[in-house]
>>> print(open('coords-v9.cif').read())   # mmCIF, C-alpha atoms and all ligand atoms
data_input
#
loop_
_atom_site.group_PDB
_atom_site.id
_atom_site.type_symbol
_atom_site.label_atom_id
_atom_site.label_comp_id
_atom_site.auth_asym_id
_atom_site.auth_seq_id
_atom_site.Cartn_x
_atom_site.Cartn_y
_atom_site.Cartn_z
ATOM 1 C CA MET A 1 125.169 -97.117 21.094
ATOM 2 C CA ALA A 2 124.376 -94.121 23.296
ATOM 3 C CA GLU A 3 125.229 -95.997 26.484
ATOM 4 C CA SER A 4 125.055 -93.463 29.288
ATOM 5 C CA SER A 5 122.023 -91.356 30.103
ATOM 6 C CA VAL A 6 124.005 -88.186 29.331
ATOM 7 C CA GLN A 7 124.735 -89.370 25.807
ATOM 8 C CA GLN A 8 121.116 -90.407 25.364
ATOM 9 C CA GLN A 9 119.909 -86.955 26.414
ATOM 10 C CA VAL A 10 122.383 -85.223 24.076
ATOM 11 C CA GLN A 11 121.450 -87.522 21.203
ATOM 12 C CA ALA A 12 117.732 -86.868 21.697
ATOM 13 C CA PHE A 13 118.386 -83.113 21.846
ATOM 14 C CA TYR A 14 120.325 -82.937 18.580
ATOM 15 C CA ASN A 15 117.881 -85.204 16.725
ATOM 16 C CA ALA A 16 114.802 -83.310 17.872
ATOM 17 C CA VAL A 17 116.072 -79.738 18.278
ATOM 18 C CA GLY A 18 119.741 -78.873 17.586
ATOM 19 C CA TRP A 19 119.857 -79.923 13.942
ATOM 20 C CA LYS A 20 116.344 -78.857 13.016
ATOM 21 C CA GLN A 21 116.372 -75.962 10.553
ATOM 22 C CA ILE A 22 114.874 -72.679 11.717
ATOM 23 C CA GLY A 23 115.445 -71.052 8.333
ATOM 24 C CA PRO A 24 116.988 -72.018 4.990
ATOM 25 C CA GLY A 25 120.328 -73.672 5.863
ATOM 26 C CA VAL A 26 120.242 -72.277 9.432
ATOM 27 C CA TYR A 27 120.047 -74.744 12.301
ATOM 28 C CA GLN A 28 118.686 -74.190 15.784
ATOM 29 C CA ASN A 29 122.281 -74.748 16.916
ATOM 30 C CA ALA A 30 123.248 -71.441 15.277
ATOM 31 C CA ARG A 31 121.741 -69.726 18.334
ATOM 32 C CA TYR A 32 125.145 -70.426 19.894
ATOM 33 C CA GLU A 33 126.951 -68.394 17.230
ATOM 34 C CA ASP A 34 126.992 -64.710 16.364
ATOM 35 C CA LEU A 35 125.995 -64.621 12.699
ATOM 36 C CA ARG A 36 125.744 -60.820 12.373
ATOM 37 C CA PRO A 37 127.691 -59.232 9.506
ATOM 38 C CA VAL A 38 129.795 -57.194 11.957
ATOM 39 C CA SER A 39 131.248 -60.358 13.524
ATOM 40 C CA ARG A 40 131.395 -62.444 10.377
ATOM 41 C CA PRO A 41 134.979 -61.650 9.252
ATOM 42 C CA TYR A 42 136.340 -62.442 12.741
ATOM 43 C CA VAL A 43 134.329 -65.666 13.084
ATOM 44 C CA HIS A 44 135.409 -66.690 9.575
ATOM 45 C CA ALA A 45 139.070 -65.943 10.315
ATOM 46 C CA CYS A 46 138.910 -68.107 13.467
ATOM 47 C CA HIS A 47 137.525 -71.043 11.454
ATOM 48 C CA VAL A 48 140.295 -70.644 8.876
ATOM 49 C CA ARG A 49 143.004 -70.351 11.553
ATOM 50 C CA PHE A 50 141.858 -73.642 13.099
ATOM 51 C CA GLY A 51 142.167 -75.392 9.725
ATOM 52 C CA GLY A 52 145.760 -74.182 9.511
ATOM 53 C CA HIS A 53 146.659 -76.320 12.539
ATOM 54 C CA LEU A 54 145.390 -79.563 10.988
ATOM 55 C CA PRO A 55 147.347 -81.888 8.722
ATOM 56 C CA ALA A 56 146.847 -80.740 5.132
ATOM 57 C CA THR A 57 146.805 -84.077 3.338
ATOM 58 C CA GLY A 58 146.334 -87.762 3.998
ATOM 59 C CA ARG A 59 144.047 -90.698 3.372
ATOM 60 C CA LEU A 60 141.419 -90.614 6.117
ATOM 61 C CA PHE A 61 140.269 -87.614 8.147
ATOM 62 C CA LEU A 62 138.029 -88.075 11.176
ATOM 63 C CA ASP A 63 135.484 -85.417 12.088
ATOM 64 C CA ALA A 64 134.256 -86.528 15.496
ATOM 65 C CA GLY A 65 130.950 -84.900 16.399
ATOM 66 C CA SER A 66 130.751 -83.481 12.884
ATOM 67 C CA GLY A 67 127.201 -82.230 13.140
ATOM 68 C CA PRO A 68 125.910 -81.350 9.655
ATOM 69 C CA ILE A 69 129.257 -79.620 8.759
ATOM 70 C CA GLN A 70 127.313 -76.466 9.305
ATOM 71 C CA TYR A 71 129.773 -73.796 8.160
ATOM 72 C CA PRO A 72 131.390 -73.695 4.696
ATOM 73 C CA GLU A 73 134.874 -73.245 6.225
ATOM 74 C CA TYR A 74 134.567 -76.700 7.802
ATOM 75 C CA LEU A 75 134.579 -78.283 4.339
ATOM 76 C CA GLU A 76 138.163 -77.132 3.876
ATOM 77 C CA TYR A 77 139.509 -79.189 6.789
ATOM 78 C CA SER A 78 139.432 -82.434 4.785
ATOM 79 C CA ARG A 79 140.039 -80.933 1.332
ATOM 80 C CA GLY A 80 143.460 -82.662 0.964
ATOM 81 C CA PHE A 81 142.224 -86.048 2.216
ATOM 82 C CA LYS A 82 140.774 -88.946 0.239
ATOM 83 C CA ARG A 83 137.876 -89.318 2.640
ATOM 84 C CA ARG A 84 136.279 -87.610 5.618
ATOM 85 C CA VAL A 85 134.702 -89.922 8.169
ATOM 86 C CA CYS A 86 131.949 -88.060 9.983
ATOM 87 C CA LEU A 87 131.007 -89.566 13.311
ATOM 88 C CA ASP A 88 128.112 -88.214 15.306
ATOM 89 C CA ILE A 89 125.677 -89.444 17.896
ATOM 90 C CA SER A 90 122.856 -87.724 16.001
ATOM 91 C CA ARG A 91 121.574 -89.482 12.901
ATOM 92 C CA LEU A 92 119.947 -86.253 11.713
ATOM 93 C CA ALA A 93 123.336 -84.511 11.799
ATOM 94 C CA LEU A 94 124.767 -87.137 9.466
ATOM 95 C CA VAL A 95 121.814 -87.029 7.069
ATOM 96 C CA GLU A 96 122.480 -83.287 6.745
ATOM 97 C CA ALA A 97 126.271 -83.761 6.504
ATOM 98 C CA ARG A 98 125.826 -86.213 3.640
ATOM 99 C CA GLN A 99 123.997 -83.527 1.690
ATOM 100 C CA ARG A 100 127.016 -81.249 2.099
ATOM 101 C CA ILE A 101 129.897 -83.562 1.245
ATOM 102 C CA GLY A 102 128.276 -86.549 -0.491
ATOM 103 C CA GLU A 103 130.821 -88.997 -1.894
ATOM 104 C CA HIS A 104 133.758 -87.464 -0.011
ATOM 105 C CA GLY A 105 132.206 -88.585 3.273
ATOM 106 C CA SER A 106 131.543 -91.758 5.215
ATOM 107 C CA PHE A 107 128.993 -91.490 7.989
ATOM 108 C CA VAL A 108 128.996 -93.334 11.287
ATOM 109 C CA VAL A 109 126.460 -92.986 14.085
ATOM 110 C CA GLY A 110 128.575 -93.466 17.186
ATOM 111 C CA ASP A 111 129.779 -92.177 20.521
ATOM 112 C CA ILE A 112 132.996 -90.162 20.682
ATOM 113 C CA ALA A 113 133.690 -91.800 24.042
ATOM 114 C CA ARG A 114 133.799 -95.247 22.371
ATOM 115 C CA LEU A 115 135.178 -94.804 18.872
ATOM 116 C CA PRO A 116 134.360 -97.799 16.696
ATOM 117 C CA PHE A 117 137.591 -97.598 14.671
ATOM 118 C CA ARG A 118 140.830 -99.589 14.590
ATOM 119 C CA SER A 119 143.930 -97.997 16.083
ATOM 120 C CA GLU A 120 146.090 -95.880 13.745
ATOM 121 C CA THR A 121 143.324 -95.445 11.132
ATOM 122 C CA PHE A 122 143.358 -91.671 10.587
ATOM 123 C CA ASP A 123 146.032 -89.259 9.379
ATOM 124 C CA GLY A 124 144.217 -86.305 10.877
ATOM 125 C CA ALA A 125 141.198 -85.571 13.038
ATOM 126 C CA ALA A 126 139.124 -82.686 14.307
ATOM 127 C CA THR A 127 136.486 -82.413 16.959
ATOM 128 C CA LEU A 128 134.770 -79.090 17.455
ATOM 129 C CA HIS A 129 132.474 -78.217 20.364
ATOM 130 C CA THR A 130 131.741 -81.878 21.093
ATOM 131 C CA ILE A 131 133.877 -83.279 23.935
ATOM 132 C CA HIS A 132 132.220 -80.913 26.417
ATOM 133 C CA HIS A 133 128.992 -82.869 25.840
ATOM 134 C CA LEU A 134 130.532 -85.847 27.650
ATOM 135 C CA PRO A 135 130.400 -86.359 31.417
ATOM 136 C CA ALA A 136 133.477 -84.841 33.106
ATOM 137 C CA GLY A 137 134.973 -88.241 33.863
ATOM 138 C CA GLU A 138 134.793 -89.456 30.248
ATOM 139 C CA GLN A 139 136.520 -86.533 28.568
ATOM 140 C CA GLU A 140 140.136 -87.575 29.165
ATOM 141 C CA SER A 141 139.533 -91.066 27.800
ATOM 142 C CA ALA A 142 137.756 -89.573 24.760
ATOM 143 C CA PHE A 143 140.892 -87.545 23.967
ATOM 144 C CA ALA A 144 142.971 -90.710 24.490
ATOM 145 C CA ASP A 145 140.712 -92.677 22.142
ATOM 146 C CA LEU A 146 141.074 -90.024 19.436
ATOM 147 C CA VAL A 147 144.854 -90.300 19.724
ATOM 148 C CA ARG A 148 144.612 -94.120 19.621
ATOM 149 C CA CYS A 149 142.848 -93.846 16.261
ATOM 150 C CA LEU A 150 145.560 -91.565 14.794
ATOM 151 C CA ALA A 151 148.425 -92.881 12.697
ATOM 152 C CA PRO A 152 151.887 -92.189 14.187
ATOM 153 C CA GLY A 153 152.709 -88.545 13.554
ATOM 154 C CA GLY A 154 149.016 -87.715 12.989
ATOM 155 C CA ARG A 155 147.347 -84.834 14.737
ATOM 156 C CA VAL A 156 143.973 -84.097 16.263
ATOM 157 C CA GLY A 157 142.664 -80.570 16.758
ATOM 158 C CA ALA A 158 139.921 -80.117 19.338
ATOM 159 C CA VAL A 159 137.945 -76.933 19.874
ATOM 160 C CA TYR A 160 137.123 -76.793 23.564
ATOM 161 C CA SER A 161 135.376 -74.165 25.660
ATOM 162 C CA TRP A 162 136.533 -73.229 29.157
ATOM 163 C CA GLY A 163 133.094 -71.674 29.680
ATOM 164 C CA GLU A 164 132.829 -69.713 32.916
ATOM 165 C CA ARG A 165 136.308 -70.937 33.861
ATOM 166 C CA SER A 166 137.854 -68.644 31.230
ATOM 167 C CA GLY A 167 139.535 -65.608 32.805
ATOM 168 C CA ILE A 168 138.473 -63.314 29.966
ATOM 169 C CA VAL A 169 134.854 -64.485 30.217
ATOM 170 C CA ARG A 170 134.820 -63.909 33.977
ATOM 171 C CA LEU A 171 136.516 -60.513 33.722
ATOM 172 C CA THR A 172 134.062 -59.189 31.153
ATOM 173 C CA ARG A 173 130.915 -60.629 32.777
ATOM 174 C CA PRO A 174 129.822 -57.298 34.371
ATOM 175 C CA LEU A 175 130.299 -55.508 31.042
ATOM 176 C CA VAL A 176 128.259 -58.116 29.194
ATOM 177 C CA TRP A 177 125.546 -57.898 31.835
ATOM 178 C CA ALA A 178 125.403 -54.093 31.597
ATOM 179 C CA ALA A 179 125.334 -54.141 27.783
ATOM 180 C CA GLU A 180 122.520 -56.715 27.767
ATOM 181 C CA ARG A 181 120.490 -54.627 30.225
ATOM 182 C CA ALA A 182 121.006 -51.503 28.116
ATOM 183 C CA ARG A 183 119.958 -53.355 24.988
ATOM 184 C CA SER A 184 116.757 -54.740 26.489
ATOM 185 C CA LEU A 185 115.937 -51.276 27.848
ATOM 186 C CA LEU A 186 116.351 -49.775 24.368
ATOM 187 C CA ARG A 187 114.216 -52.553 22.898
ATOM 188 C CA SER A 188 111.425 -51.868 25.363
ATOM 189 C CA MET A 189 111.472 -48.185 24.344
ATOM 190 C CA ARG A 190 110.936 -48.952 20.630
ATOM 191 C CA PRO A 191 107.524 -47.959 19.252
ATOM 192 C CA ARG A 192 105.054 -50.853 19.361
ATOM 193 C CA GLY A 193 103.817 -52.423 16.135
ATOM 194 C CA ARG A 194 107.170 -52.291 14.350
ATOM 195 C CA ALA A 195 107.657 -55.428 12.262
ATOM 196 C CA SER A 196 109.800 -57.916 14.135
ATOM 197 C CA ALA A 197 112.493 -59.967 12.432
ATOM 198 C CA ALA A 198 112.260 -62.612 15.152
ATOM 199 C CA PRO A 199 111.284 -66.103 13.988
ATOM 200 C CA ALA A 200 107.748 -67.254 14.706
ATOM 201 C CA GLY A 201 105.910 -70.560 15.124
ATOM 202 C CA GLU A 202 107.946 -73.758 15.283
ATOM 203 C CA ALA A 203 111.234 -71.912 14.766
ATOM 204 C CA ALA A 204 110.505 -69.701 17.785
ATOM 205 C CA ALA A 205 109.642 -72.740 19.890
ATOM 206 C CA LEU A 206 112.886 -74.467 18.853
ATOM 207 C CA LEU A 207 114.885 -71.387 19.779
ATOM 208 C CA GLN A 208 113.349 -71.378 23.258
ATOM 209 C CA SER A 209 114.242 -75.029 23.916
ATOM 210 C CA PRO A 210 116.677 -75.586 26.735
ATOM 211 C CA GLY A 211 120.123 -76.755 25.575
ATOM 212 C CA SER A 212 121.738 -80.107 26.280
ATOM 213 C CA PHE A 213 124.265 -81.332 28.837
ATOM 214 C CA THR A 214 127.769 -79.815 28.831
ATOM 215 C CA TYR A 215 130.703 -79.936 31.242
ATOM 216 C CA LYS A 216 133.660 -77.629 30.701
ATOM 217 C CA HIS A 217 136.970 -78.345 32.410
ATOM 218 C CA ASP A 218 139.522 -75.576 32.900
ATOM 219 C CA TYR A 219 142.916 -74.998 31.331
ATOM 220 C CA GLY A 220 144.742 -76.588 34.282
ATOM 221 C CA TRP A 221 142.799 -79.820 33.802
ATOM 222 C CA ALA A 222 143.679 -80.002 30.115
ATOM 223 C CA ALA A 223 147.339 -79.126 30.640
ATOM 224 C CA SER A 224 147.829 -81.769 33.325
ATOM 225 C CA HIS A 225 145.606 -84.612 32.073
ATOM 226 C CA LEU A 226 146.346 -84.561 28.352
ATOM 227 C CA ALA A 227 150.142 -84.201 28.405
ATOM 228 C CA ARG A 228 150.630 -87.980 28.501
ATOM 229 C CA LEU A 229 148.882 -88.428 25.153
ATOM 230 C CA GLY A 230 151.519 -86.890 22.898
ATOM 231 C CA GLU A 231 152.894 -83.474 22.053
ATOM 232 C CA VAL A 232 150.177 -81.166 23.351
ATOM 233 C CA ARG A 233 149.821 -77.505 22.435
ATOM 234 C CA ILE A 234 146.950 -75.330 23.615
ATOM 235 C CA VAL A 235 146.368 -72.208 21.532
ATOM 236 C CA VAL A 236 143.550 -69.821 20.892
ATOM 237 C CA TRP A 237 140.467 -70.756 18.907
ATOM 238 C CA ARG A 238 138.477 -67.651 19.808
ATOM 239 C CA SER A 239 139.086 -65.586 22.899
ATOM 240 C CA VAL A 240 135.582 -64.114 23.100
ATOM 241 C CA SER A 241 132.347 -65.966 23.715
ATOM 242 C CA THR A 242 129.230 -65.591 21.605
ATOM 243 C CA ALA A 243 127.563 -63.658 24.427
ATOM 244 C CA MET A 244 130.509 -61.224 24.445
ATOM 245 C CA LEU A 245 130.314 -60.763 20.677
ATOM 246 C CA ARG A 246 126.580 -60.152 20.747
ATOM 247 C CA SER A 247 126.586 -57.697 23.596
ATOM 248 C CA LEU A 248 129.895 -55.846 23.212
ATOM 249 C CA VAL A 249 130.433 -55.721 19.452
ATOM 250 C CA HIS A 250 128.389 -53.195 17.563
ATOM 251 C CA PRO A 251 128.813 -51.940 13.985
ATOM 252 C CA LEU A 252 128.432 -48.309 15.079
ATOM 253 C CA LEU A 253 131.026 -48.674 17.824
ATOM 254 C CA LEU A 254 133.915 -49.786 15.621
ATOM 255 C CA GLY A 255 132.984 -53.415 16.216
ATOM 256 C CA ARG A 256 134.581 -54.764 13.069
ATOM 257 C CA GLN A 257 137.806 -52.835 13.622
ATOM 258 C CA GLY A 258 137.952 -53.918 17.263
ATOM 259 C CA LEU A 259 137.674 -57.553 16.258
ATOM 260 C CA ARG A 260 140.416 -57.098 13.688
ATOM 261 C CA VAL A 261 142.716 -55.806 16.430
ATOM 262 C CA LEU A 262 141.709 -58.684 18.703
ATOM 263 C CA PHE A 263 142.480 -61.254 16.006
ATOM 264 C CA PHE A 264 145.886 -59.651 15.484
ATOM 265 C CA LEU A 265 146.618 -59.827 19.221
ATOM 266 C CA GLU A 266 145.459 -63.464 19.389
ATOM 267 C CA ASN A 267 147.961 -64.330 16.669
ATOM 268 C CA LEU A 268 150.707 -62.502 18.545
ATOM 269 C CA ALA A 269 150.035 -64.420 21.767
ATOM 270 C CA PRO A 270 148.143 -67.621 20.837
ATOM 271 C CA ARG A 271 149.041 -69.482 24.037
ATOM 272 C CA PHE A 272 147.993 -66.641 26.294
ATOM 273 C CA PHE A 273 144.600 -66.332 24.618
ATOM 274 C CA GLY A 274 144.283 -70.114 24.392
ATOM 275 C CA ARG A 275 144.688 -70.286 28.142
ATOM 276 C CA HIS A 276 142.600 -67.314 29.240
ATOM 277 C CA GLY A 277 140.133 -66.868 26.371
ATOM 278 C CA ALA A 278 136.697 -68.396 25.980
ATOM 279 C CA TYR A 279 137.599 -71.208 23.563
ATOM 280 C CA SER A 280 140.845 -73.011 22.962
ATOM 281 C CA THR A 281 142.278 -75.223 20.277
ATOM 282 C CA ILE A 282 143.854 -78.295 21.854
ATOM 283 C CA LEU A 283 146.356 -79.843 19.451
ATOM 284 C CA ILE A 284 147.699 -83.307 20.137
ATOM 285 C CA THR A 285 150.308 -84.812 17.833
ATOM 286 C CA LYS A 286 150.809 -88.544 18.205
ATOM 287 C CA PRO A 287 154.424 -89.568 18.680
ATOM 288 C CA GLY A 288 156.088 -91.327 15.746
ATOM 289 C CA ALA A 289 157.443 -90.462 12.332
ATOM 290 C CA GLY A 290 154.817 -88.749 10.249
ATOM 291 C CA PRO A 291 154.962 -87.212 6.805
ATOM 292 C CA LEU A 292 152.179 -84.755 7.548
ATOM 293 C CA ALA A 293 152.850 -81.074 7.988
ATOM 294 C CA PRO A 294 150.028 -78.887 9.273
ATOM 295 C CA ALA A 295 148.350 -76.822 6.574
ATOM 296 C CA GLY A 296 149.332 -73.546 8.247
ATOM 297 C CA GLU A 297 152.996 -74.533 8.360
ATOM 298 C CA ARG A 298 153.136 -75.575 4.699
ATOM 299 C CA ARG A 299 152.132 -72.276 3.209
HETATM 300 C C1 LIG B 301 127.763 -78.244 19.326
HETATM 301 S S1 LIG B 301 127.579 -79.460 18.096
HETATM 302 C C2 LIG B 301 129.042 -79.177 17.115
HETATM 303 C C3 LIG B 301 128.939 -79.756 15.749
HETATM 304 C C4 LIG B 301 130.118 -79.422 14.842
HETATM 305 N N1 LIG B 301 131.332 -80.024 15.304
HETATM 306 C C5 LIG B 301 130.244 -77.920 14.742
HETATM 307 O O1 LIG B 301 131.222 -77.356 15.262
HETATM 308 O O2 LIG B 301 129.383 -77.307 14.123
HETATM 309 C C6 LIG B 301 127.993 -80.957 18.949
HETATM 310 C C7 LIG B 301 127.858 -82.196 18.066
HETATM 311 O O3 LIG B 301 128.406 -83.293 18.771
HETATM 312 C C8 LIG B 301 127.523 -84.384 18.702
HETATM 313 N N2 LIG B 301 127.743 -85.177 19.927
HETATM 314 C C9 LIG B 301 127.438 -84.853 21.191
HETATM 315 N N3 LIG B 301 127.808 -85.834 22.018
HETATM 316 C C10 LIG B 301 128.378 -86.793 21.257
HETATM 317 C C11 LIG B 301 128.955 -88.059 21.538
HETATM 318 N N4 LIG B 301 129.019 -88.552 22.779
HETATM 319 N N5 LIG B 301 129.454 -88.783 20.509
HETATM 320 C C12 LIG B 301 129.377 -88.305 19.233
HETATM 321 N N6 LIG B 301 128.834 -87.121 18.912
HETATM 322 C C13 LIG B 301 128.343 -86.371 19.901
HETATM 323 C C14 LIG B 301 126.137 -83.761 18.634
HETATM 324 O O4 LIG B 301 125.192 -84.648 18.078
HETATM 325 C C15 LIG B 301 126.419 -82.552 17.748
HETATM 326 O O5 LIG B 301 126.281 -82.878 16.386
#
>>> encode(input="coords-v9.cif", output="structure tokens")
Amino acid sequence: MAESSVQQQVQAFYNAVGWKQIGPGVYQNARYEDLRPVSRPYVHACHVRFGGHLPATGRLFLDAGSGPIQYPEYLEYSRGFKRRVCLDISRLALVEARQRIGEHGSFVVGDIARLPFRSETFDGAATLHTIHHLPAGEQESAFADLVRCLAPGGRVGAVYSWGERSGIVRLTRPLVWAAERARSLLRSMRPRGRASAAPAGEAAALLQSPGSFTYKHDYGWAASHLARLGEVRIVVWRSVSTAMLRSLVHPLLLGRQGLRVLFFLENLAPRFFGRHGAYSTILITKPGAGPLAPAGERR
């Protein structure tokens, strides 16, 4: 099943660490998200925007690298489908996912680089934050395999991070660094003995665990290597990274309002922010007649 050593390492990580709960309904993996109230409306709006790019209805929907379907917005992506097939390399992820969607789901332990499905099986598909866990040389064929599994006219939406190759991430790195320094300085000046909200015990140990393998290609790679697979559009998922949110967005510094403006700008220029921002949405529509209109275009 997990054939290469990279996949084996990633599988072991998610079974032992990533999908362990560090609080009620909160996974260790949430350390990669900004869950503060000030960022919540922006993060929520980005999840909803992604759903608007996916086909709204159909028979089978593939969620490749589903994890436990950790955010409520994710449930909406397959709302208009008969069934959501969750594929993940982590068995624990699927045990958790089953608790969230029960009868609506089918659950397959498998490798996104070798999808165990017949061609043209799915009317729609999504894969969020997963393809970057594959070795660099396997990512193009994983996209191709997703398209193989789509019915003609079907569409896959992939959330992909450019990581340090994102222009916006690189440009703001000094700011993020300075804000993090200032924050740790302020923390060190707080009176000792104040109750800490930080998790303790096993949860603290899980949070300290090193992450798993990732490789993030740049925009140029995606634009040139994926074009052969169908009609490809690269738009924004979220132009700021979690580190940027945590260090630069503060409730007392008009953080919420700033994010509202950013979201507005992202919608004005989705391709620009998809290219230069931290995370993109890569949409690939398989050639052929298809009855499916994306949810966002049907409203
Ligand atoms: C960062 S999590 C994202 C989970 C979910 N898509 C989300 O956005 O919350 C990555 C998920 O991909 C799964 N994964 C990593 N490599 C995989 C592979 N080669 N095949 C299938 N799933 C994989 C992991 O087990 C994990 O559940």
>>> residues_around(input="coords-v9.cif", residues="segment 271-286 of chain A", least_positions_apart="6", cutoff="8 Å", atoms="only C-alpha atoms", output="PyMOL selection string")
chain A and resi 50+53+147+150-163+166-169+219+229-241
>>> write_last_selection(input="coords-v9.cif", atoms="C-alpha atoms", output="JSON list (two decimals), keeping the file's coordinate frame")
[["chain", "number", "residue", "atom", "x", "y", "z"],
["A", 50, "PHE", "CA", 141.86, -73.64, 13.10],
["A", 53, "HIS", "CA", 146.66, -76.32, 12.54],
["A", 147, "VAL", "CA", 144.85, -90.30, 19.72],
["A", 150, "LEU", "CA", 145.56, -91.56, 14.79],
["A", 151, "ALA", "CA", 148.43, -92.88, 12.70],
["A", 152, "PRO", "CA", 151.89, -92.19, 14.19],
["A", 153, "GLY", "CA", 152.71, -88.54, 13.55],
["A", 154, "GLY", "CA", 149.02, -87.72, 12.99],
["A", 155, "ARG", "CA", 147.35, -84.83, 14.74],
["A", 156, "VAL", "CA", 143.97, -84.10, 16.26],
["A", 157, "GLY", "CA", 142.66, -80.57, 16.76],
["A", 158, "ALA", "CA", 139.92, -80.12, 19.34],
["A", 159, "VAL", "CA", 137.94, -76.93, 19.87],
["A", 160, "TYR", "CA", 137.12, -76.79, 23.56],
["A", 161, "SER", "CA", 135.38, -74.17, 25.66],
["A", 162, "TRP", "CA", 136.53, -73.23, 29.16],
["A", 163, "GLY", "CA", 133.09, -71.67, 29.68],
["A", 166, "SER", "CA", 137.85, -68.64, 31.23],
["A", 167, "GLY", "CA", 139.54, -65.61, 32.80],
["A", 168, "ILE", "CA", 138.47, -63.31, 29.97],
["A", 169, "VAL", "CA", 134.85, -64.48, 30.22],
["A", 219, "TYR", "CA", 142.92, -75.00, 31.33],
["A", 229, "LEU", "CA", 148.88, -88.43, 25.15],
["A", 230, "GLY", "CA", 151.52, -86.89, 22.90],
["A", 231, "GLU", "CA", 152.89, -83.47, 22.05],
["A", 232, "VAL", "CA", 150.18, -81.17, 23.35],
["A", 233, "ARG", "CA", 149.82, -77.50, 22.44],
["A", 234, "ILE", "CA", 146.95, -75.33, 23.62],
["A", 235, "VAL", "CA", 146.37, -72.21, 21.53],
["A", 236, "VAL", "CA", 143.55, -69.82, 20.89],
["A", 237, "TRP", "CA", 140.47, -70.76, 18.91],
["A", 238, "ARG", "CA", 138.48, -67.65, 19.81],
["A", 239, "SER", "CA", 139.09, -65.59, 22.90],
["A", 240, "VAL", "CA", 135.58, -64.11, 23.10],
["A", 241, "SER", "CA", 132.35, -65.97, 23.72]]
>>> closest_residue(input="coords-v9.cif", among="A:Lys20, A:His47, A:His133, A:Arg59", to="ligand LIG 301 (chain B)", atoms="all atoms listed in the file")
A:His133
>>> closest_residue(input="coords-v9.cif", among="A:Ala113, A:Ala269, A:Ala243, A:Ala182", to="ligand LIG 301 (chain B)", atoms="all atoms listed in the file")
A:Ala113
>>> atom_distance(input="coords-v9.cif", atom1="atom CA of Thr214 of chain A", atom2="atom CA of Glu96 of chain A")
23.0 Å
>>> residues_near_ligand(input="coords-v9.cif", ligand="ligand LIG 301 (chain B)", cutoff="6 Å", atoms="all atoms listed in the file", output="MDAnalysis selection string")
chainID A and resid 7 10:11 14 65:67 69:70 88:90 93 110:113 127:130 133:134
>>> residues_around(input="coords-v9.cif", residues="Val108 of chain A", least_positions_apart="6", cutoff="10 Å", atoms="all atoms listed in the file", output="PyMOL selection string")
chain A and resi 64+85-91+94+115-116
>>> atom_distance(input="coords-v9.cif", atom1="atom CA of Ser247 of chain A", atom2="atom CA of Arg183 of chain A")
8.0 Å
>>> closest_residue(input="coords-v9.cif", among="A:Arg100, A:Arg114, A:His132, A:Arg173", to="Ser4 of chain A", atoms="all atoms listed in the file")
A:Arg114
